[in-house]
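Comments concern the structure below.
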Amino acid sequence: MQSATNTNTAAPNKSPNIIEMRGVSTRFGSHVVHADLDLEVRQGEIFAIVGGSGSGKSTLLREMIMLHRPDSGTIKVLDTDVLALSPGEAHILRQRWGVMFQHGGLFGTLNVRDNVGLPLREHTDLDDTLINELAAWKITLSGLEPEAGLQYPTELSGGMLKRASMARALALDPELLFLDEPTAGLDPGGAGGIDTLVRSLHELYQSTIVIITHDLDFLWQVTDRVAVLGEGKVVGVGSMSELAQMDHPIIREYFDGPRGRAAQEQAQTQAGVQQHDKEQPWTQK
Amino acid sequence: MSSQITPANISQSAPGHFVVSGSWTARTVADMNQKLAAIVDSDTPEVLVDGSHLQAIDSVGVWTLQRQFKKMRDAGRSIRLLDWPPQFQKLLDVVEKQLDIPVPAPPHHSLLETIGRKGEAAWQGMFALLSFIGECALALLRIAPQPKRWRWRLVLKNIQIAGFDALPIIGLTAFLLGIVVAYQGADQLRHYGANIFVVDLVGFAMLREFSPLITAIIIAGRSGSAYAAQIGTMVVTEEIDGMRTIGIEPIDFLVLPKIIALLVALPLLTVFADVTGVFGGMFMARSQLDINFHEFLVRFGSVIHLSALLVGVGKAFVFAAIIAIVGCYQGFRTKGNADSVGRQTTRSVVQSIFIVIILDSGFSVIFSILDL
Ligand SMILES: Nc1ncnc2c1ncn2[C@@H]1O[C@H](COP(=O)(O)OP(=O)(O)OP(=O)(O)O)[C@@H](O)[C@H]1O
Ligand SMILES: [Mg+2]
């Protein structure tokens with residue numbers, strides 16, 4: 001049996017893929033969103049899904065986390081076939097990942113601290129003081145002031161909401177972290193902050209992170225591999241520099257715009273630092 | 001390596017030498033605090049903590065440990081970690097540095113202060129309601145001379161939802177109420193052989209009091225709550241703000257059609273309730289008091305004056321205005337979240353029923369003074 005809690009266990013992995021989607025098709029009425037789509041996410045990587053608005057990224061994520069059932073295909077997450085789970089098994093599996101939704105998904109009736117502490121309160125026997133301390137810590141880890149813990153979601157700005165939502169996703173030290181548009185709607189400084197945040201969280205927890213984003217800088221700076229969604233399929237997958245060489249029209253659209261170029265140039269000037277960071281994880285310190 | 005998970009444990013192998021083993025995760029460390037207290041209480045100045053038997057640890061586990069270690073360091077003792085798996089080092093370091101993040105406490109209010117705040121809020125709420133009524137009146141005056149802007153479609157739709165669709169429930173309730181009134185009266189009247197007076201009883205009670213009241217209460221629960229919930233949800237989703245920015249006054253669009261619709265629907269519903277209520281009484285009079293329909297109706301025509309009907313319908317106009325205004329007002333008072341929508345909806349119903357009943361007793365006093 002594998003640990004039900006976090007990746008810091010010594011248990012060996014059966015498969016290098018933490019998520020495997022095969023032949024997934026999704027329709028809303030007559031509108032086909034995914035047509036026979038295949039996707040793999042490997043253990044421990046920061047994986048991004050990109051694609052135009054309405055290309056079905058959020059839907060794909062909802063399928064991975066069992067909020068939506070595809071019309072056909074198989075989906076394996078953390079070595080479990082998520083389409084054939086009993087409610088009890090699904091409940092256990094859900095505690096192994098954390099999700100940050102595109103629109104926050106925080107509970108309006110709870111303040112930020114209680115939102116973050118909620119998974120701990122629900123699933124563990126820890127006492128209140130400890131839970132409040134841990135929540136305060138995760139809130140600061142996510143880049144918020146400790147005082148923000150007492151605020152309610154409606155009192156937060158868009159960027160603060162994203163961070164609070166991230167803090168809640170981190171509550172149970174997930175092995176797998178899903179982030180839907182973590183930088184959308186943030187000022188460049190804030191988006192940069194999320195970059196660093198995601199990278200340091202990845203180092204800290206060694207979790208696999210799946211990100212949906214439109215942010216080119218973010219893609220160059222943070223991700224290991226990127227899948228481009230288009231026409232209901234994955235039209236290309238690889239590191240950003242590999243994708244930059246591919247000539248599928250949808251991929252080219254991403255790279256050939258002025259913003260695409262600028263992001264690429266900036267990334268290349270920083271490439272040395274990046275590589276160093278990635279190949280020398282802190283474990284070797 | 002074994003992949004079996006063993007529970008968290010900490011044991012002393014020699015004085016000042018502790019071994020941490022098993023899996024220290026959110027689900028397993030809850031009862032470790034007591035065991036850790038043993039380390040804190042041991043009195044060797046130097047403490048060795050051996051982590052070589054550790055299977056897994058997450059941030060909750062690290063936090064629990066570092067929190068106790070900090071207490072010991074603060075007491076002037078030194079802690080050394082021995083053979084800890086390297087992959088946990090970063091987490092240990094980060095947590096050690098961030099242990100004293102302040103945990104802000106929510107402000108505490110004394111009982112007196114709470115009462116004061118509640119009182120103040122209620123007082124302000126009354127003014128806000130008055131000012132909302134004023135706004136509605138002004139808006140009504142503004143659009144009154146421009147029939148084009150009356151949004152007839154919305155009004156008609158509201159009449160259908162609040163009025164027509166409510167016919168079955170109002171009809172049934174009033175019918176049953178008529179039966180109850182006649183039944184309660186029947187027993188008393190029979191004693192005195194005054195059976196025929198059941199007509200007066202049912203007629204006056206239903207037309208003047210019960211029909212308008214029961215109709216208003218049902219509509220407050222049915223439509224007043226719907227108004228509050230609809231407007232409240234629109235506040236939460238910023239639809240109201242959106243409406244303002246594209247130059248549509250929410251009051252014109254959301255409130256006035258509802259007030260106008262209810263002003264039409266509630267009096268009509270009241271008349272309908274009068275009919276079914278009296279019919280209920282008639283039904284009961286025949287089966288309990290041997291008064292047939294013909295006798296009942298003849299007596300009804302001679303003793304019940306038009307004024308009884310008009311008093312009831314007149315009250316219904318006032319009640320309609322109250323229900324629509326309070327429902328919309330509470331909707332607009334919604335703040336931010338789903339919980340607040342629920343609270344305002346409840347408030348709208350309780351408040352409008354309360355005001356309706358207060359006004360109803362006020363009317364009784366006024367009418368008796370006026371001898372109506
Ligand atoms: N519940 C639903 N009912 C009907 N259609 C839906 C539903 N959810 C999503 N869709 C449709 O599926 C398509 C993909 O939606 P999705 O939210 O996955 O897009 P996305 O790639 O996340 O876009 P964005 O980048 O704008 O967030 C859209 O065309 C949308 O209209
Ligand atoms: Mg989306």
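Note on naming: chains are A, B, ... as they come in the structure tokens, residues start from 1 per chain, ligands start from 1 in the order shown.
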Next item on the list: Collect all residues with atoms no farther than 9 Å from ligand 1, counting only C-alpha atoms and all ligand atoms, and output them as a list of chain:residue names.
Entry: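 Based on only C-alpha atoms and all ligand atoms, ligand 1 is surrounded within 9 Å by A:Thr26, A:Arg27, A:Phe28, A:Gly29, A:His31, A:Val32, A:Val33, A:His34, A:Val50, A:Gly51, A:Gly52, A:Ser53, A:Gly54, A:Ser55, A:Gly56, A:Lys57, A:Ser58, A:Thr59, A:Leu60, A:Leu61, A:Arg62, A:His68, A:Gln102, A:Asp180, A:Glu181, A:Ile212, A:Thr213, A:His214, A:Leu229.
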Residues of chain B that have any atom at most 7 Å from an atom of chain A: could you tabulate them with the shortest-distance atom pair and the distance in Å to one decimal, using only C-alpha atoms, ordered by chain and increasing number, as CSV?
```
residue,atom,partner,partner_atom,distance
B:Ser3,CA,A:Ala11,CA,5.3
B:Gln4,CA,A:Met1,CA,6.6
B:Thr25,CA,A:Thr5,CA,6.9
B:Ala26,CA,A:Thr124,CA,6.2
B:Arg27,CA,A:Thr124,CA,5.0
B:Ala30,CA,A:Leu126,CA,4.9
B:Gln55,CA,A:Thr9,CA,6.0
B:Ala56,CA,A:Thr9,CA,4.5
B:Ile57,CA,A:Asn8,CA,6.5
B:Asp58,CA,A:Asp173,CA,6.5
B:Ser59,CA,A:Asp173,CA,6.8
B:Pro86,CA,A:Thr283,CA,5.7
B:Gln87,CA,A:Thr283,CA,5.0
B:Lys90,CA,A:Leu204,CA,6.3
B:Leu91,CA,A:Leu204,CA,5.9
B:Ile101,CA,A:Trp137,CA,6.5
B:Pro102,CA,A:Pro146,CA,6.6
B:Val103,CA,A:Ala136,CA,6.0
B:Pro104,CA,A:Glu147,CA,6.1
B:Pro106,CA,A:Leu150,CA,6.5
B:Gly336,CA,A:Thr154,CA,5.7
B:Asn337,CA,A:Gly108,CA,5.1
B:Ala338,CA,A:Gly108,CA,6.7
B:Asp339,CA,A:Thr109,CA,6.1
```
Checklist line | Shell around Ala308 of chain B at 7 Å using only C-alpha atoms, local window under 4 positions removed, as a list in words | finding: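 Here the answer would be Phe204, Leu207, Arg208, Ile304 and Gly312 of chain B.
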Strand (DSSP E) call set, DSSP backbone run, segment 156-215 of chain A, as a short mmCIF file (atom, residue, chain, number, x, y, z; two decimals) with C-alpha atoms, in the first residue's frame:
```cif
data_model
loop_
_atom_site.label_atom_id
_atom_site.label_comp_id
_atom_site.auth_asym_id
_atom_site.auth_seq_id
_atom_site.Cartn_x
_atom_site.Cartn_y
_atom_site.Cartn_z
CA LEU A 176 -0.76 16.26 -6.35
CA LEU A 177 -1.65 19.92 -6.65
CA PHE A 178 -4.00 21.30 -9.28
CA LEU A 179 -3.93 25.01 -10.02
CA ASP A 180 -6.45 26.51 -12.44
CA THR A 208 3.44 16.95 -8.69
CA ILE A 209 1.80 20.16 -9.83
CA VAL A 210 -0.67 20.44 -12.69
CA ILE A 211 -1.31 23.99 -13.79
CA ILE A 212 -3.70 25.55 -16.24
#
```
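Counting only C-alpha atoms and all ligand atoms and comparing A:Arg252, A:His91, A:His103, A:Arg69, the residue that lies closest to ligand 2 is A:His103.
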Checklist line | Close residues, Phe18 of chain B itself excluded, 9 Å, only C-alpha atoms, min 2 positions apart in chain, as an NGL selection string | finding: :B and (10-16 or 20 or 39 or 47-51)
Could you take the residues named above and write them with all heavy atoms, as a CSV table (one decimal), in the first residue's frame?
```csv
chain,number,residue,atom,x,y,z
B,10,ILE,N,7.6,8.0,19.3
B,10,ILE,CA,8.9,8.6,19.7
B,10,ILE,C,9.3,7.9,21.0
B,10,ILE,O,8.4,7.7,21.9
B,10,ILE,CB,8.8,10.1,19.8
B,10,ILE,CG1,10.2,10.7,20.2
B,10,ILE,CG2,7.8,10.6,20.8
B,10,ILE,CD1,10.3,12.1,19.9
B,11,SER,N,10.5,7.4,21.1
B,11,SER,CA,10.9,6.6,22.3
B,11,SER,C,12.3,7.0,22.7
B,11,SER,O,13.1,7.5,21.9
B,11,SER,CB,10.8,5.1,22.0
B,11,SER,OG,11.6,4.8,20.9
B,12,GLN,N,12.6,6.8,23.9
B,12,GLN,CA,13.9,7.1,24.5
B,12,GLN,C,14.7,5.9,24.5
B,12,GLN,O,14.4,4.9,25.1
B,12,GLN,CB,13.7,7.7,25.9
B,12,GLN,CG,14.9,8.4,26.4
B,12,GLN,CD,14.6,9.2,27.6
B,12,GLN,OE1,13.5,9.1,28.2
B,12,GLN,NE2,15.5,10.1,28.0
B,13,SER,N,15.9,5.9,23.8
B,13,SER,CA,16.7,4.7,23.8
B,13,SER,C,17.8,4.8,24.8
B,13,SER,O,18.3,3.8,25.3
B,13,SER,CB,17.3,4.5,22.4
B,13,SER,OG,18.1,5.6,22.1
B,14,ALA,N,18.2,6.0,25.1
B,14,ALA,CA,19.2,6.3,26.2
B,14,ALA,C,18.9,7.6,26.8
B,14,ALA,O,18.2,8.4,26.1
B,14,ALA,CB,20.6,6.2,25.7
B,15,PRO,N,19.3,8.0,27.9
B,15,PRO,CA,19.0,9.3,28.4
B,15,PRO,C,19.4,10.4,27.4
B,15,PRO,O,20.6,10.4,27.0
B,15,PRO,CB,19.8,9.5,29.7
B,15,PRO,CG,20.1,8.1,30.2
B,15,PRO,CD,20.1,7.2,28.9
B,16,GLY,N,18.5,11.3,27.1
B,16,GLY,CA,18.8,12.3,26.1
B,16,GLY,C,18.9,11.9,24.7
B,16,GLY,O,19.2,12.7,23.8
B,20,VAL,N,12.7,8.9,16.7
B,20,VAL,CA,11.5,9.2,16.0
B,20,VAL,C,11.2,8.1,15.0
B,20,VAL,O,12.1,7.8,14.1
B,20,VAL,CB,11.5,10.5,15.4
B,20,VAL,CG1,10.2,10.9,14.7
B,20,VAL,CG2,11.9,11.6,16.4
B,39,ILE,N,9.9,14.5,26.2
B,39,ILE,CA,11.2,15.0,25.9
B,39,ILE,C,11.4,16.3,26.5
B,39,ILE,O,12.4,16.6,27.1
B,39,ILE,CB,11.3,15.2,24.3
B,39,ILE,CG1,10.9,14.0,23.6
B,39,ILE,CG2,12.7,15.6,24.0
B,39,ILE,CD1,11.3,14.1,22.1
B,47,VAL,N,20.0,17.2,23.7
B,47,VAL,CA,19.0,16.2,23.3
B,47,VAL,C,19.4,15.7,21.8
B,47,VAL,O,19.6,16.6,21.0
B,47,VAL,CB,17.6,16.7,23.3
B,47,VAL,CG1,16.6,15.6,22.8
B,47,VAL,CG2,17.2,17.1,24.7
B,48,LEU,N,19.5,14.4,21.6
B,48,LEU,CA,19.7,13.9,20.3
B,48,LEU,C,18.4,13.3,19.8
B,48,LEU,O,17.7,12.6,20.5
B,48,LEU,CB,20.7,12.8,20.4
B,48,LEU,CG,22.2,13.1,20.4
B,48,LEU,CD1,23.0,11.9,20.5
B,48,LEU,CD2,22.5,13.9,19.1
B,49,VAL,N,18.0,13.7,18.6
B,49,VAL,CA,16.8,13.1,18.0
B,49,VAL,C,17.2,12.3,16.7
B,49,VAL,O,17.6,12.9,15.8
B,49,VAL,CB,15.7,14.2,17.7
B,49,VAL,CG1,14.5,13.5,17.2
B,49,VAL,CG2,15.5,15.0,18.9
B,50,ASP,N,17.0,11.0,16.8
B,50,ASP,CA,17.4,10.2,15.7
B,50,ASP,C,16.2,10.0,14.8
B,50,ASP,O,15.1,9.5,15.1
B,50,ASP,CB,17.8,8.8,16.3
B,50,ASP,CG,18.3,7.8,15.3
B,50,ASP,OD1,18.0,8.1,14.1
B,50,ASP,OD2,18.9,6.8,15.7
B,51,GLY,N,16.4,10.4,13.5
B,51,GLY,CA,15.3,10.3,12.5
B,51,GLY,C,15.5,9.2,11.5
B,51,GLY,O,14.7,9.1,10.6
```
Next item on the list: Pick out the residues sitting within 9 Å of Gly158 of chain A, and hand them over as a ChimeraX atom specification; count only C-alpha atoms, and ignore anything fewer than 6 positions along from it in its own chain.
Entry: /A:103-104,185-186
Next item on the list: Would you mind writing down, as a list in words, each residue of segment 4-89 of chain A that DSSP on the backbone assigns to alpha helix (DSSP H)?
Entry: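 Output for segment 4-89 of chain A, alpha helix (DSSP H) only: Lys57, Ser58, Thr59, Leu60, Leu61, Arg62, Glu63, Met64, Pro87, Gly88 and Glu89 of chain A.
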Selected residues, N, CA, C and O atoms, written as a PDB file, in the first residue's frame, please.
```pdb
ATOM      1  N   LYS A  57      -9.792  23.126 -21.004  1.00  0.00           N
ATOM      2  CA  LYS A  57      -8.768  22.894 -19.988  1.00  0.00           C
ATOM      3  C   LYS A  57      -9.397  22.663 -18.620  1.00  0.00           C
ATOM      4  O   LYS A  57      -9.092  21.680 -17.951  1.00  0.00           O
ATOM      5  N   SER A  58     -10.270  23.571 -18.254  1.00  0.00           N
ATOM      6  CA  SER A  58     -10.902  23.415 -16.934  1.00  0.00           C
ATOM      7  C   SER A  58     -11.698  22.117 -16.883  1.00  0.00           C
ATOM      8  O   SER A  58     -11.712  21.429 -15.864  1.00  0.00           O
ATOM      9  N   THR A  59     -12.348  21.792 -17.975  1.00  0.00           N
ATOM     10  CA  THR A  59     -13.125  20.556 -18.010  1.00  0.00           C
ATOM     11  C   THR A  59     -12.212  19.352 -17.817  1.00  0.00           C
ATOM     12  O   THR A  59     -12.539  18.418 -17.077  1.00  0.00           O
ATOM     13  N   LEU A  60     -11.043  19.389 -18.452  1.00  0.00           N
ATOM     14  CA  LEU A  60     -10.085  18.300 -18.313  1.00  0.00           C
ATOM     15  C   LEU A  60      -9.676  18.146 -16.849  1.00  0.00           C
ATOM     16  O   LEU A  60      -9.629  17.044 -16.307  1.00  0.00           O
ATOM     17  N   LEU A  61      -9.429  19.281 -16.216  1.00  0.00           N
ATOM     18  CA  LEU A  61      -9.044  19.245 -14.811  1.00  0.00           C
ATOM     19  C   LEU A  61     -10.183  18.696 -13.951  1.00  0.00           C
ATOM     20  O   LEU A  61      -9.967  17.884 -13.060  1.00  0.00           O
ATOM     21  N   ARG A  62     -11.401  19.131 -14.262  1.00  0.00           N
ATOM     22  CA  ARG A  62     -12.542  18.621 -13.497  1.00  0.00           C
ATOM     23  C   ARG A  62     -12.680  17.109 -13.649  1.00  0.00           C
ATOM     24  O   ARG A  62     -13.126  16.423 -12.741  1.00  0.00           O
ATOM     25  N   GLU A  63     -12.288  16.604 -14.800  1.00  0.00           N
ATOM     26  CA  GLU A  63     -12.346  15.154 -14.997  1.00  0.00           C
ATOM     27  C   GLU A  63     -11.288  14.434 -14.172  1.00  0.00           C
ATOM     28  O   GLU A  63     -11.533  13.365 -13.620  1.00  0.00           O
ATOM     29  N   MET A  64     -10.102  15.054 -14.074  1.00  0.00           N
ATOM     30  CA  MET A  64      -9.045  14.424 -13.279  1.00  0.00           C
ATOM     31  C   MET A  64      -9.433  14.343 -11.817  1.00  0.00           C
ATOM     32  O   MET A  64      -9.091  13.404 -11.118  1.00  0.00           O
ATOM     33  N   PRO A  87     -17.752   5.338  -3.545  1.00  0.00           N
ATOM     34  CA  PRO A  87     -17.712   6.642  -2.873  1.00  0.00           C
ATOM     35  C   PRO A  87     -16.671   6.685  -1.755  1.00  0.00           C
ATOM     36  O   PRO A  87     -15.995   7.695  -1.584  1.00  0.00           O
ATOM     37  N   GLY A  88     -16.518   5.597  -1.019  1.00  0.00           N
ATOM     38  CA  GLY A  88     -15.547   5.566   0.073  1.00  0.00           C
ATOM     39  C   GLY A  88     -14.124   5.733  -0.431  1.00  0.00           C
ATOM     40  O   GLY A  88     -13.347   6.519   0.099  1.00  0.00           O
ATOM     41  N   GLU A  89     -13.792   5.001  -1.494  1.00  0.00           N
ATOM     42  CA  GLU A  89     -12.444   5.105  -2.062  1.00  0.00           C
ATOM     43  C   GLU A  89     -12.203   6.496  -2.631  1.00  0.00           C
ATOM     44  O   GLU A  89     -11.126   7.073  -2.491  1.00  0.00           O
TER      45      GLU A  89
END
```
Check: If you count only C-alpha atoms, which residues fall within 12 Å of Ala191 of chain A, apart from same-chain ones fewer than 6 positions away, as a list in words?
Finding: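 Returned residues: Gly143, Gly158, Gly159, Met160, Lys162, Arg163, Glu181, Pro182, Thr183, Ala184, Gly185, Leu197, Val198, Thr213, His214, Asp215, Leu216, Asp217, Phe218, Leu219, Gln221 and Val222 of chain A.
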Next item on the list: Name the residues in contact with Thr270 of chain B at a cut-off of 7 Å, using only C-alpha atoms, excluding same-chain residues fewer than 2 positions from it; report them as number ranges by chain.
Entry: B: 211-212, 215, 266-268, 272-274, 313, 316
Could you take the residues named above and write them with N, CA, C and O atoms, as an mmCIF file, in the first residue's frame?
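Just written: part_39.cif:
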```
data_model
loop_
_atom_site.group_PDB
_atom_site.id
_atom_site.type_symbol
_atom_site.label_atom_id
_atom_site.label_comp_id
_atom_site.auth_asym_id
_atom_site.auth_seq_id
_atom_site.Cartn_x
_atom_site.Cartn_y
_atom_site.Cartn_z
ATOM 1 N N SER B 211 -59.195 36.190 5.375
ATOM 2 C CA SER B 211 -58.735 36.104 3.985
ATOM 3 C C SER B 211 -57.539 37.009 3.714
ATOM 4 O O SER B 211 -56.516 36.544 3.226
ATOM 5 N N PRO B 212 -57.651 38.326 4.031
ATOM 6 C CA PRO B 212 -56.487 39.168 3.751
ATOM 7 C C PRO B 212 -55.249 38.697 4.496
ATOM 8 O O PRO B 212 -54.142 38.692 3.939
ATOM 9 N N THR B 215 -53.843 35.257 3.121
ATOM 10 C CA THR B 215 -53.279 35.471 1.785
ATOM 11 C C THR B 215 -51.938 36.191 1.897
ATOM 12 O O THR B 215 -50.952 35.803 1.263
ATOM 13 N N LEU B 266 -52.349 40.652 -5.036
ATOM 14 C CA LEU B 266 -52.765 40.303 -3.678
ATOM 15 C C LEU B 266 -54.246 40.611 -3.413
ATOM 16 O O LEU B 266 -54.949 39.756 -2.862
ATOM 17 N N PRO B 267 -54.762 41.792 -3.808
ATOM 18 C CA PRO B 267 -56.203 42.022 -3.606
ATOM 19 C C PRO B 267 -57.049 40.993 -4.357
ATOM 20 O O PRO B 267 -58.041 40.498 -3.810
ATOM 21 N N LEU B 268 -56.647 40.657 -5.579
ATOM 22 C CA LEU B 268 -57.427 39.660 -6.325
ATOM 23 C C LEU B 268 -57.385 38.312 -5.622
ATOM 24 O O LEU B 268 -58.405 37.618 -5.508
ATOM 25 N N PHE B 272 -60.414 36.019 -4.056
ATOM 26 C CA PHE B 272 -60.520 34.579 -4.322
ATOM 27 C C PHE B 272 -60.577 33.799 -3.010
ATOM 28 O O PHE B 272 -61.381 32.865 -2.848
ATOM 29 N N ALA B 273 -59.740 34.206 -2.051
ATOM 30 C CA ALA B 273 -59.748 33.540 -0.748
ATOM 31 C C ALA B 273 -61.089 33.757 -0.052
ATOM 32 O O ALA B 273 -61.602 32.859 0.623
ATOM 33 N N ASP B 274 -61.670 34.964 -0.206
ATOM 34 C CA ASP B 274 -62.999 35.219 0.358
ATOM 35 C C ASP B 274 -63.994 34.182 -0.163
ATOM 36 O O ASP B 274 -64.744 33.575 0.598
ATOM 37 N N VAL B 313 -60.150 43.960 1.185
ATOM 38 C CA VAL B 313 -59.363 44.217 -0.015
ATOM 39 C C VAL B 313 -58.446 45.424 0.184
ATOM 40 O O VAL B 313 -57.301 45.445 -0.250
ATOM 41 N N ALA B 316 -55.485 44.401 1.887
ATOM 42 C CA ALA B 316 -54.618 43.618 1.005
ATOM 43 C C ALA B 316 -53.682 44.526 0.207
ATOM 44 O O ALA B 316 -52.520 44.183 -0.017
#
```
Next item on the list: State, in Å with one decimal place, the distance from atom CA of Arg190 of chain B to atom CA of Leu289 of chain B.
Entry: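 That distance, rounded to one decimal, is 7.4 Å.
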Note to self: Using only C-alpha atoms and all ligand atoms, can you tell me which of A:Ile49, A:Ala227, A:Asn115, A:Leu201 comes closest to ligand 2?
What the structure shows: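 Closest to ligand 2, using only C-alpha atoms and all ligand atoms: A:Ile49.
You will find atom CA of Tyr329 of chain B at 13.5 Å from atom CA of Gln124 of chain B.
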